[in-house]
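upload.cif, holding mmCIF, C-alpha atoms:
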data_query
loop_
_atom_site.label_atom_id
_atom_site.label_comp_id
_atom_site.auth_asym_id
_atom_site.auth_seq_id
_atom_site.Cartn_x
_atom_site.Cartn_y
_atom_site.Cartn_z
CA MET A 28 -166.04 -97.78 -10.25
CA ALA A 29 -165.94 -94.20 -11.44
CA LYS A 30 -162.74 -92.37 -10.76
CA GLU A 31 -162.90 -88.92 -9.23
CA SER A 32 -162.66 -86.88 -12.38
CA ARG A 33 -160.75 -83.65 -12.13
CA SER A 34 -162.69 -80.87 -13.77
CA ARG A 35 -161.04 -80.01 -17.04
CA GLU A 36 -160.41 -76.37 -17.79
CA VAL A 37 -160.33 -74.47 -21.01
CA ALA A 38 -158.89 -71.00 -21.51
CA GLU A 39 -161.62 -68.40 -21.97
CA SER A 40 -159.56 -66.57 -24.52
CA LEU A 41 -159.99 -69.48 -26.88
CA PHE A 42 -163.57 -68.61 -27.55
CA ASP A 43 -162.85 -64.94 -28.16
CA LEU A 44 -160.19 -65.84 -30.69
CA PHE A 45 -162.31 -68.55 -32.23
CA HIS A 46 -165.24 -66.19 -32.63
CA THR A 47 -163.07 -63.63 -34.40
CA GLU A 48 -161.80 -66.31 -36.72
CA VAL A 49 -165.30 -67.64 -37.42
CA VAL A 50 -166.42 -64.18 -38.50
CA ASN A 51 -163.38 -63.94 -40.76
CA THR A 52 -163.91 -67.32 -42.35
CA ILE A 53 -167.57 -66.80 -43.01
CA THR A 54 -166.87 -63.37 -44.44
CA GLU A 55 -164.35 -64.83 -46.85
CA SER A 56 -166.33 -67.87 -47.79
CA THR A 57 -169.52 -66.04 -48.64
CA PRO A 58 -169.69 -65.27 -52.34
CA ASN A 59 -169.72 -61.55 -53.18
CA GLN A 60 -169.10 -60.74 -49.52
CA ASP A 61 -172.81 -60.25 -49.23
CA LYS A 62 -173.15 -58.56 -45.85
CA GLU A 63 -176.66 -59.73 -45.25
CA LYS A 64 -175.82 -63.32 -46.01
CA ILE A 65 -172.79 -63.23 -43.71
CA TYR A 66 -174.90 -61.79 -40.92
CA TRP A 67 -177.56 -64.40 -41.49
CA ARG A 68 -175.09 -67.29 -41.42
CA LEU A 69 -173.51 -66.08 -38.21
CA GLU A 70 -176.91 -65.58 -36.65
CA GLN A 71 -178.02 -69.07 -37.59
CA LEU A 72 -174.91 -70.45 -35.88
CA GLY A 73 -175.81 -68.57 -32.76
CA PHE A 74 -179.43 -69.65 -33.02
CA ARG A 75 -178.69 -73.35 -32.77
CA VAL A 76 -176.24 -72.83 -29.93
CA GLY A 77 -178.65 -70.58 -28.06
CA HIS A 78 -181.38 -73.16 -28.50
CA SER A 79 -179.28 -75.86 -26.87
CA LEU A 80 -177.85 -73.63 -24.18
CA ALA A 81 -181.32 -72.55 -23.12
CA GLU A 82 -182.23 -76.21 -22.71
CA ARG A 83 -179.16 -76.78 -20.57
CA TYR A 84 -179.38 -73.70 -18.39
CA THR A 85 -183.07 -73.99 -17.62
CA LYS A 86 -182.65 -77.50 -16.31
CA ASP A 87 -182.47 -76.53 -12.68
CA THR A 88 -184.62 -73.44 -12.58
CA ALA A 89 -188.30 -73.20 -11.86
CA ARG A 90 -190.75 -72.81 -14.69
CA TYR A 91 -191.19 -69.38 -16.17
CA GLN A 92 -194.60 -67.83 -16.30
CA SER A 93 -194.15 -64.66 -18.24
CA SER A 94 -192.00 -63.07 -20.87
CA LEU A 95 -190.44 -60.83 -18.25
CA GLU A 96 -189.20 -63.83 -16.29
CA VAL A 97 -187.72 -65.32 -19.44
CA VAL A 98 -185.88 -62.11 -20.24
CA LYS A 99 -184.65 -61.89 -16.66
CA PHE A 100 -183.31 -65.41 -17.01
CA LEU A 101 -181.54 -64.27 -20.18
CA CYS A 102 -179.98 -61.33 -18.37
CA LYS A 103 -178.83 -63.34 -15.41
CA GLU A 104 -178.15 -67.04 -15.72
CA PHE A 105 -177.80 -67.18 -19.46
CA TRP A 106 -175.46 -64.20 -19.75
CA VAL A 107 -173.42 -65.36 -16.78
CA GLY A 108 -173.08 -68.80 -18.26
CA ILE A 109 -171.77 -67.45 -21.54
CA TYR A 110 -170.00 -64.18 -20.75
CA LYS A 111 -169.30 -64.58 -17.05
CA LYS A 112 -171.19 -61.45 -16.15
CA GLN A 113 -174.75 -60.24 -15.92
CA VAL A 114 -176.38 -57.80 -18.26
CA ASP A 115 -175.90 -54.34 -16.81
CA ASN A 116 -179.22 -52.78 -17.56
CA LEU A 117 -182.62 -54.04 -18.59
CA ARG A 118 -185.37 -51.79 -19.78
CA THR A 119 -188.81 -52.55 -21.12
CA ASN A 120 -191.73 -50.66 -22.44
CA HIS A 121 -194.09 -53.36 -21.19
CA LYS A 122 -195.38 -53.77 -24.70
CA GLY A 123 -192.96 -56.41 -25.82
CA VAL A 124 -189.75 -54.47 -26.43
CA PHE A 125 -186.81 -55.14 -24.14
CA VAL A 126 -183.49 -53.39 -24.15
CA LEU A 127 -180.54 -55.21 -22.68
CA GLN A 128 -177.47 -53.14 -22.10
CA ASP A 129 -174.04 -54.56 -21.65
CA ASN A 130 -171.38 -51.99 -20.89
CA LYS A 131 -168.46 -54.26 -21.28
CA PHE A 132 -169.31 -56.83 -23.88
CA ARG A 133 -166.86 -59.66 -23.53
CA LEU A 134 -166.40 -60.35 -27.19
CA PHE A 135 -165.21 -56.77 -27.76
CA CYS A 136 -163.34 -56.42 -24.51
CA ASN A 137 -160.12 -57.77 -25.83
CA ILE A 138 -160.12 -55.95 -29.11
CA SER A 139 -157.29 -53.52 -28.96
CA ASN A 140 -157.55 -49.83 -28.56
CA ARG A 141 -155.81 -47.54 -31.01
CA TYR A 142 -154.34 -45.51 -28.18
CA GLY A 143 -152.82 -48.42 -26.37
CA ALA A 144 -153.55 -50.31 -23.22
CA ALA A 145 -153.63 -47.32 -20.90
CA ARG A 146 -157.12 -46.29 -22.01
CA LEU A 147 -158.54 -49.69 -21.23
CA SER A 148 -157.61 -50.07 -17.64
CA GLY A 149 -158.41 -53.52 -16.54
CA THR A 150 -158.84 -55.03 -19.98
CA ARG A 151 -156.21 -57.06 -21.68
CA VAL A 152 -155.14 -56.10 -25.15
CA ARG A 153 -154.74 -58.82 -27.70
CA SER A 154 -151.99 -58.30 -30.20
CA CYS A 155 -153.71 -60.35 -32.85
CA ALA A 156 -156.75 -58.10 -32.77
CA CYS A 157 -154.72 -54.94 -33.37
CA ALA A 158 -155.61 -55.04 -37.01
CA TYR A 159 -159.17 -54.01 -36.25
CA GLY A 160 -158.23 -50.81 -34.48
CA LEU A 161 -161.51 -50.67 -32.65
CA GLU A 162 -161.91 -48.62 -29.58
CA VAL A 163 -163.61 -49.89 -26.50
CA ALA A 164 -164.42 -47.68 -23.56
CA GLU A 165 -165.65 -48.90 -20.27
CA GLU A 166 -167.72 -45.96 -19.20
CA ALA A 167 -170.98 -47.06 -17.81
CA GLY A 168 -174.26 -45.92 -19.16
CA GLY A 169 -175.26 -45.26 -22.68
CA SER A 170 -178.40 -44.36 -24.40
CA ALA A 171 -180.47 -47.14 -25.73
CA THR A 172 -183.04 -46.67 -28.38
CA ASN A 173 -186.05 -48.87 -28.60
CA VAL A 174 -186.42 -50.73 -31.83
CA PRO A 175 -190.06 -50.86 -32.84
CA LEU A 176 -191.71 -54.24 -33.07
CA SER A 177 -191.49 -55.74 -36.49
CA PRO A 178 -194.90 -56.72 -37.83
CA PHE A 179 -193.86 -60.36 -38.00
CA SER A 180 -192.74 -60.81 -34.46
CA PRO A 181 -195.39 -61.21 -31.80
CA PHE A 182 -192.76 -60.78 -29.19
CA PRO A 183 -189.87 -58.56 -28.39
CA SER A 184 -187.16 -56.90 -30.30
CA LEU A 185 -184.15 -56.83 -28.10
CA PRO A 186 -181.48 -54.44 -29.01
CA PHE A 187 -178.56 -54.44 -26.68
CA PRO A 188 -176.19 -51.58 -27.15
CA PHE A 189 -172.57 -51.83 -26.15
CA ARG A 190 -170.41 -48.90 -25.52
CA PRO A 191 -167.34 -48.48 -27.64
CA CYS A 192 -166.01 -44.98 -28.27
CA SER A 193 -168.05 -43.39 -30.96
CA CYS A 194 -165.10 -41.46 -32.35
CA SER A 195 -164.37 -44.25 -34.77
CA GLN A 196 -167.25 -44.83 -37.13
CA GLN A 197 -164.97 -46.40 -39.65
CA TYR A 198 -165.50 -49.92 -38.46
CA ALA A 199 -169.18 -49.59 -37.72
CA ASP A 200 -170.06 -52.11 -40.43
CA GLN A 201 -167.59 -54.69 -39.31
CA ILE A 202 -168.49 -54.54 -35.68
CA HIS A 203 -172.05 -55.23 -36.71
CA LEU A 204 -170.96 -58.67 -37.89
CA TYR A 205 -169.41 -59.40 -34.54
CA THR A 206 -172.74 -58.99 -32.87
CA ALA A 207 -174.49 -61.41 -35.20
CA TYR A 208 -173.57 -64.53 -33.29
CA SER A 209 -174.70 -63.07 -29.98
CA CYS A 210 -177.99 -61.93 -31.46
CA GLY A 211 -178.52 -65.44 -32.73
CA LEU A 212 -177.75 -66.82 -29.28
CA ILE A 213 -180.47 -64.72 -27.74
CA ARG A 214 -182.96 -65.45 -30.49
CA GLY A 215 -182.30 -69.18 -30.17
CA ALA A 216 -182.73 -69.16 -26.43
CA LEU A 217 -185.99 -67.24 -26.71
CA ALA A 218 -187.28 -69.55 -29.40
CA ASN A 219 -186.64 -72.57 -27.25
CA LEU A 220 -188.49 -70.99 -24.35
CA GLY A 221 -191.46 -70.31 -26.57
CA TYR A 222 -191.04 -66.71 -27.67
CA ILE A 223 -190.49 -65.78 -31.28
CA GLY A 224 -188.93 -62.41 -31.76
CA THR A 225 -186.31 -60.37 -33.48
CA VAL A 226 -183.06 -59.38 -31.91
CA SER A 227 -180.91 -56.56 -33.09
CA ALA A 228 -177.78 -55.07 -31.66
CA GLU A 229 -176.74 -51.51 -31.51
CA VAL A 230 -173.20 -50.37 -30.97
CA PRO A 231 -173.25 -46.66 -30.22
CA MET B 1 -187.68 -106.32 -25.64
CA PRO B 2 -186.15 -107.75 -22.49
CA ALA B 3 -188.63 -107.98 -19.68
CA PHE B 4 -187.62 -105.73 -16.81
CA ASP B 5 -188.87 -106.31 -13.40
CA SER B 6 -189.22 -102.61 -12.95
CA MET B 7 -192.33 -100.59 -12.53
CA PHE B 8 -191.83 -98.61 -15.68
CA VAL B 9 -193.88 -99.79 -18.54
CA CYS B 10 -193.27 -96.90 -20.89
CA VAL B 11 -191.27 -93.67 -21.14
CA ALA B 12 -192.17 -91.00 -23.66
CA VAL B 13 -190.82 -87.61 -24.69
CA VAL B 14 -193.26 -85.22 -26.32
CA GLY B 15 -192.19 -82.01 -28.02
CA LYS B 16 -193.52 -78.52 -27.59
CA ASN B 17 -196.10 -78.90 -30.33
CA ASN B 18 -197.35 -82.10 -28.73
CA ASP B 19 -195.53 -84.17 -31.31
CA PRO B 20 -194.08 -87.46 -30.02
CA LEU B 21 -190.30 -87.40 -30.13
CA PHE B 22 -189.55 -90.62 -28.38
CA LEU B 23 -191.56 -93.50 -26.99
CA LYS B 24 -190.22 -96.72 -25.55
CA GLY B 25 -192.21 -99.53 -24.04
CA PHE B 26 -190.63 -101.96 -21.64
CA THR B 27 -193.14 -104.77 -21.82
CA ASP B 28 -194.50 -106.89 -24.61
CA GLU B 29 -197.53 -104.71 -25.14
CA ALA B 30 -198.09 -103.15 -28.52
CA GLU B 31 -196.63 -99.67 -28.73
CA LEU B 32 -199.86 -98.30 -30.12
CA LYS B 33 -201.50 -98.72 -26.75
CA PHE B 34 -198.80 -96.60 -25.12
CA HIS B 35 -199.15 -93.97 -27.81
CA TYR B 36 -202.82 -93.76 -26.94
CA ILE B 37 -202.16 -93.50 -23.21
CA VAL B 38 -199.53 -90.80 -23.66
CA HIS B 39 -201.76 -88.89 -26.05
CA THR B 40 -204.62 -88.76 -23.56
CA SER B 41 -202.24 -87.63 -20.85
CA LEU B 42 -201.35 -84.53 -22.86
CA ASP B 43 -204.75 -83.02 -22.10
CA VAL B 44 -204.17 -83.44 -18.40
CA VAL B 45 -200.72 -81.88 -18.75
CA GLU B 46 -202.18 -78.81 -20.44
CA ASP B 47 -204.78 -78.57 -17.73
CA LYS B 48 -202.20 -78.69 -14.98
CA VAL B 49 -199.98 -76.14 -16.68
CA ALA B 50 -202.85 -73.74 -17.17
CA ASN B 51 -203.98 -74.11 -13.58
CA SER B 52 -200.61 -73.73 -11.95
CA GLY B 53 -200.94 -69.99 -12.40
CA LYS B 54 -199.76 -68.40 -9.17
CA GLY B 55 -196.69 -69.29 -7.20
CA ASN B 56 -193.49 -70.86 -8.38
CA PRO B 57 -194.47 -73.84 -10.44
CA GLU B 58 -192.32 -76.88 -10.54
CA MET B 59 -191.41 -78.90 -13.55
CA TYR B 60 -192.63 -82.11 -11.98
CA LEU B 61 -196.37 -82.40 -12.54
CA GLY B 62 -197.02 -85.46 -10.46
CA HIS B 63 -199.59 -88.13 -11.01
CA LEU B 64 -201.68 -87.21 -14.02
CA TYR B 65 -204.29 -89.92 -14.17
CA SER B 66 -204.86 -93.66 -13.93
CA ILE B 67 -206.13 -95.92 -16.65
CA GLU B 68 -206.80 -99.69 -16.44
CA ASP B 69 -204.00 -100.83 -14.20
CA TYR B 70 -201.52 -98.11 -15.17
CA LYS B 71 -200.59 -94.84 -13.54
CA VAL B 72 -199.28 -91.94 -15.59
CA TYR B 73 -196.83 -89.30 -14.33
CA GLY B 74 -195.74 -86.15 -16.08
CA TYR B 75 -192.93 -83.58 -16.14
CA ILE B 76 -192.64 -80.48 -18.26
CA THR B 77 -189.48 -78.53 -19.01
CA ASN B 78 -189.07 -74.82 -19.57
CA SER B 79 -188.79 -75.46 -23.26
CA LYS B 80 -192.23 -77.08 -23.14
CA ASN B 81 -190.94 -80.56 -23.77
CA LYS B 82 -192.89 -83.10 -21.79
CA PHE B 83 -191.72 -86.35 -20.29
CA ILE B 84 -194.48 -88.89 -19.67
CA VAL B 85 -193.98 -92.07 -17.69
CA VAL B 86 -196.44 -94.94 -17.50
CA MET B 87 -196.14 -97.31 -14.58
CA LYS B 88 -197.85 -100.48 -13.60
CA ASP B 89 -200.11 -100.07 -10.63
CA ARG B 90 -198.68 -102.46 -8.09
CA ASP B 91 -198.76 -102.63 -4.34
CA GLY B 92 -195.37 -101.10 -3.78
CA VAL B 93 -195.99 -97.80 -5.50
CA PRO B 94 -192.72 -95.84 -5.64
CA LYS B 95 -192.52 -92.60 -3.75
CA ASP B 96 -192.85 -89.23 -5.40
CA ASN B 97 -189.19 -88.50 -4.72
CA GLU B 98 -188.01 -91.48 -6.68
CA ILE B 99 -190.10 -90.54 -9.67
CA LYS B 100 -188.92 -86.92 -9.37
CA SER B 101 -185.30 -88.00 -9.35
CA PHE B 102 -185.93 -90.23 -12.34
CA PHE B 103 -187.35 -87.26 -14.22
CA ARG B 104 -184.36 -85.11 -13.23
CA ARG B 105 -181.94 -87.67 -14.56
CA LEU B 106 -184.00 -88.02 -17.71
CA HIS B 107 -183.86 -84.25 -18.12
CA VAL B 108 -180.06 -84.34 -17.89
CA VAL B 109 -179.87 -87.06 -20.51
CA PHE B 110 -182.30 -85.16 -22.70
CA ALA B 111 -180.32 -81.91 -22.43
CA ASN B 112 -177.16 -83.77 -23.42
CA MET B 113 -178.91 -85.30 -26.39
CA PHE B 114 -180.38 -81.94 -27.39
CA CYS B 115 -176.93 -80.40 -27.59
CA ASN B 116 -175.81 -83.10 -30.00
CA PRO B 117 -175.16 -81.25 -33.27
CA PHE B 118 -176.51 -84.20 -35.23
CA TYR B 119 -179.90 -83.77 -33.66
CA THR B 120 -182.32 -81.31 -35.23
CA PRO B 121 -184.71 -79.86 -32.69
CA GLY B 122 -188.27 -80.92 -33.37
CA GLN B 123 -187.34 -84.14 -35.09
CA PRO B 124 -187.98 -87.58 -33.56
CA ILE B 125 -185.12 -88.78 -31.41
CA THR B 126 -183.22 -91.49 -33.23
CA SER B 127 -180.10 -91.54 -31.11
CA GLU B 128 -179.38 -95.11 -30.03
CA SER B 129 -177.38 -94.08 -27.01
CA PHE B 130 -180.30 -92.03 -25.78
CA GLY B 131 -182.51 -95.09 -26.01
CA ARG B 132 -179.98 -97.21 -24.18
CA THR B 133 -179.48 -94.66 -21.41
CA VAL B 134 -183.22 -94.33 -20.91
CA ALA B 135 -183.55 -98.10 -20.70
CA THR B 136 -180.79 -98.24 -18.08
CA LEU B 137 -182.38 -95.45 -16.08
CA ALA B 138 -185.76 -97.12 -16.18
CA SER B 139 -184.42 -100.45 -15.10
CA SER B 140 -182.63 -98.93 -12.14
CA LEU B 141 -185.88 -98.21 -10.37
#

Please lay out the structure from this file as structure tokens.
Amino acid sequence: MAKESRSREVAESLFDLFHTEVVNTITESTPNQDKEKIYWRLEQLGFRVGHSLAERYTKDTARYQSSLEVVKFLCKEFWVGIYKKQVDNLRTNHKGVFVLQDNKFRLFCNISNRYGAARLSGTRVRSCACAYGLEVAEEAGGSATNVPLSPFSPFPSLPFPFRPCSCSQQYADQIHLYTAYSCGLIRGALANLGYIGTVSAEVP
Amino acid sequence: MPAFDSMFVCVAVVGKNNDPLFLKGFTDEAELKFHYIVHTSLDVVEDKVANSGKGNPEMYLGHLYSIEDYKVYGYITNSKNKFIVVMKDRDGVPKDNEIKSFFRRLHVVFANMFCNPFYTPGQPITSESFGRTVATLASSL
């Protein structure tokens, strides 16, 4: 006789903190701090997870007929399942390049702002992330540039720009690493659904 | 192999490149025969997928074809993994709904197995618990 199981809950913040720590660990454990290797390792992590998550989230949906439907699935169910919100803007050039825009990317949301909590109305500030000094603004909109198709990918490049304040370019390199896992997630999900492509992120 | 009194004679999981990932027979027949049956059903699956162009296609493909005294049913997931089920053609043929629900449950079990970090996608399924769960599911019909 199965007991009525109470649904177990996990704090969302755990993943944000864990992700930050994963980036740290991989950065330190990679010999020579080779940026490309670090990015690749993080992306591979995300790839396997994205692969499995796509399998799980497409269980109850109808079959997808076109690449557009797959990308729409990514923007809606997939993004909601992972980040609890939908992608804010989707653009395509109908030739295989898709731009997903997230104005309030969850993994950066809780990274503290140099000017204190007042600037980030509605977002919590994490004291442990103060060291990064990154600035996150929640203005909507933002220009997205299309990344041209790489010759090796028959399918889309998907940049998805976020929108931190561009006044601080100092940490531009580091923030790039924090997008690696998410790029891998998307690439893994696409690969499972039958589309090989490249994913790159842009943080304006 | 214990003899079930169920309709299911064989359950198979085929990957996206039409490579067999899992095949389990529930009778004393040689497995090679089931491999052959499942292999021929792949053509029919491709046919059905190509022809289901317009409208909102379902994952359940229905009755694919009949051979000797077996009936073959198919199901395809969004990740292009196919589940093939071979049943003995008896008088009390189970309803579509029962087979659909079997496929749904199989999909759940498959998704759980897929998320197992010890499983590499594309490799044959060697998980014993997956085999046991499939056997239990099959015998419940």

Q: Residues of chain B no more than 6 Å from chain A, counting all atoms listed in the file: send them over as a ChimeraX atom specification.
A: /B:57-58,78-79,111,115

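Between CA of Phe102 (chain B) and CA of Asp69 (chain B) there is a distance of 21.0 Å.
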
Q: Please indicate the distance in Å from CA of Lys122 (chain A) to CA of Ala228 (chain A), rounded to one decimal place.
A: 19.0 Å

Q.
For the PyMOL selection byres ((chain A and resi 99) around 12), applied here, can you spell out every residue it catches as a PyMOL selection string?
A. chain A and resi 91-98+100-107+113-119+125-127+217

Deliver the residues from the most recent selection as a file, using C-alpha atoms, as a compact mmCIF listing (two decimals), in the frame of the given file.
# COMPACT_ATOMS: atom_id res chain seq x y z
CA TYR A 91 -191.19 -69.38 -16.17
CA GLN A 92 -194.60 -67.83 -16.30
CA SER A 93 -194.15 -64.66 -18.24
CA SER A 94 -192.00 -63.07 -20.87
CA LEU A 95 -190.44 -60.83 -18.25
CA GLU A 96 -189.20 -63.83 -16.29
CA VAL A 97 -187.72 -65.32 -19.44
CA VAL A 98 -185.88 -62.11 -20.24
CA PHE A 100 -183.31 -65.41 -17.01
CA LEU A 101 -181.54 -64.27 -20.18
CA CYS A 102 -179.98 -61.33 -18.37
CA LYS A 103 -178.83 -63.34 -15.41
CA GLU A 104 -178.15 -67.04 -15.72
CA PHE A 105 -177.80 -67.18 -19.46
CA TRP A 106 -175.46 -64.20 -19.75
CA VAL A 107 -173.42 -65.36 -16.78
CA GLN A 113 -174.75 -60.24 -15.92
CA VAL A 114 -176.38 -57.80 -18.26
CA ASP A 115 -175.90 -54.34 -16.81
CA ASN A 116 -179.22 -52.78 -17.56
CA LEU A 117 -182.62 -54.04 -18.59
CA ARG A 118 -185.37 -51.79 -19.78
CA THR A 119 -188.81 -52.55 -21.12
CA PHE A 125 -186.81 -55.14 -24.14
CA VAL A 126 -183.49 -53.39 -24.15
CA LEU A 127 -180.54 -55.21 -22.68
CA LEU A 217 -185.99 -67.24 -26.71

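Atom pair CA of Val86 (chain B) / CA of Val38 (chain B) has a distance of 8.0 Å (rounded to one decimal).
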
Q.
Can you translate the PyMOL selection byres ((chain A and resi 205) around 12) into the concrete residues it hits in this file, as a PyMOL selection string?
A. chain A and resi 43-51+53-54+62+65-70+73+132-135+138+159+161+189+198-204+206-211+227-230

Q.
When you count only C-alpha atoms, which of these residues is closest to Ala12 (chain B): B:Lys24, B:Arg90, B:Lys100, B:Lys95?
A. B:Lys24

Q: Run the PyMOL selection byres ((chain B and resi 121) around 10) against the file shown and list the residues it catches, as a ChimeraX atom specification.
A: /A:75,78-79,219 /B:15,21,114-120,122-125

Preceding selection exported with C-alpha atoms as a PDB file, keeping the file's coordinate frame:
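Final output, again_20.pdb:
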ATOM      1  CA  ARG A  75    -178.690 -73.350 -32.770  1.00  0.00           C
ATOM      2  CA  HIS A  78    -181.380 -73.160 -28.500  1.00  0.00           C
ATOM      3  CA  SER A  79    -179.280 -75.860 -26.870  1.00  0.00           C
ATOM      4  CA  ASN A 219    -186.640 -72.570 -27.250  1.00  0.00           C
TER       5      ASN A 219
ATOM      6  CA  GLY B  15    -192.190 -82.010 -28.020  1.00  0.00           C
ATOM      7  CA  LEU B  21    -190.300 -87.400 -30.130  1.00  0.00           C
ATOM      8  CA  PHE B 114    -180.380 -81.940 -27.390  1.00  0.00           C
ATOM      9  CA  CYS B 115    -176.930 -80.400 -27.590  1.00  0.00           C
ATOM     10  CA  ASN B 116    -175.810 -83.100 -30.000  1.00  0.00           C
ATOM     11  CA  PRO B 117    -175.160 -81.250 -33.270  1.00  0.00           C
ATOM     12  CA  PHE B 118    -176.510 -84.200 -35.230  1.00  0.00           C
ATOM     13  CA  TYR B 119    -179.900 -83.770 -33.660  1.00  0.00           C
ATOM     14  CA  THR B 120    -182.320 -81.310 -35.230  1.00  0.00           C
ATOM     15  CA  GLY B 122    -188.270 -80.920 -33.370  1.00  0.00           C
ATOM     16  CA  GLN B 123    -187.340 -84.140 -35.090  1.00  0.00           C
ATOM     17  CA  PRO B 124    -187.980 -87.580 -33.560  1.00  0.00           C
ATOM     18  CA  ILE B 125    -185.120 -88.780 -31.410  1.00  0.00           C
TER      19      ILE B 125
END

**Q.** Spatial neighbours of Ser41 (chain B), 10 Å, only C-alpha atoms, chain gap at least 6 places, as a PyMOL selection string
**A.** chain B and resi 35+47+64-66+72-74+84-86
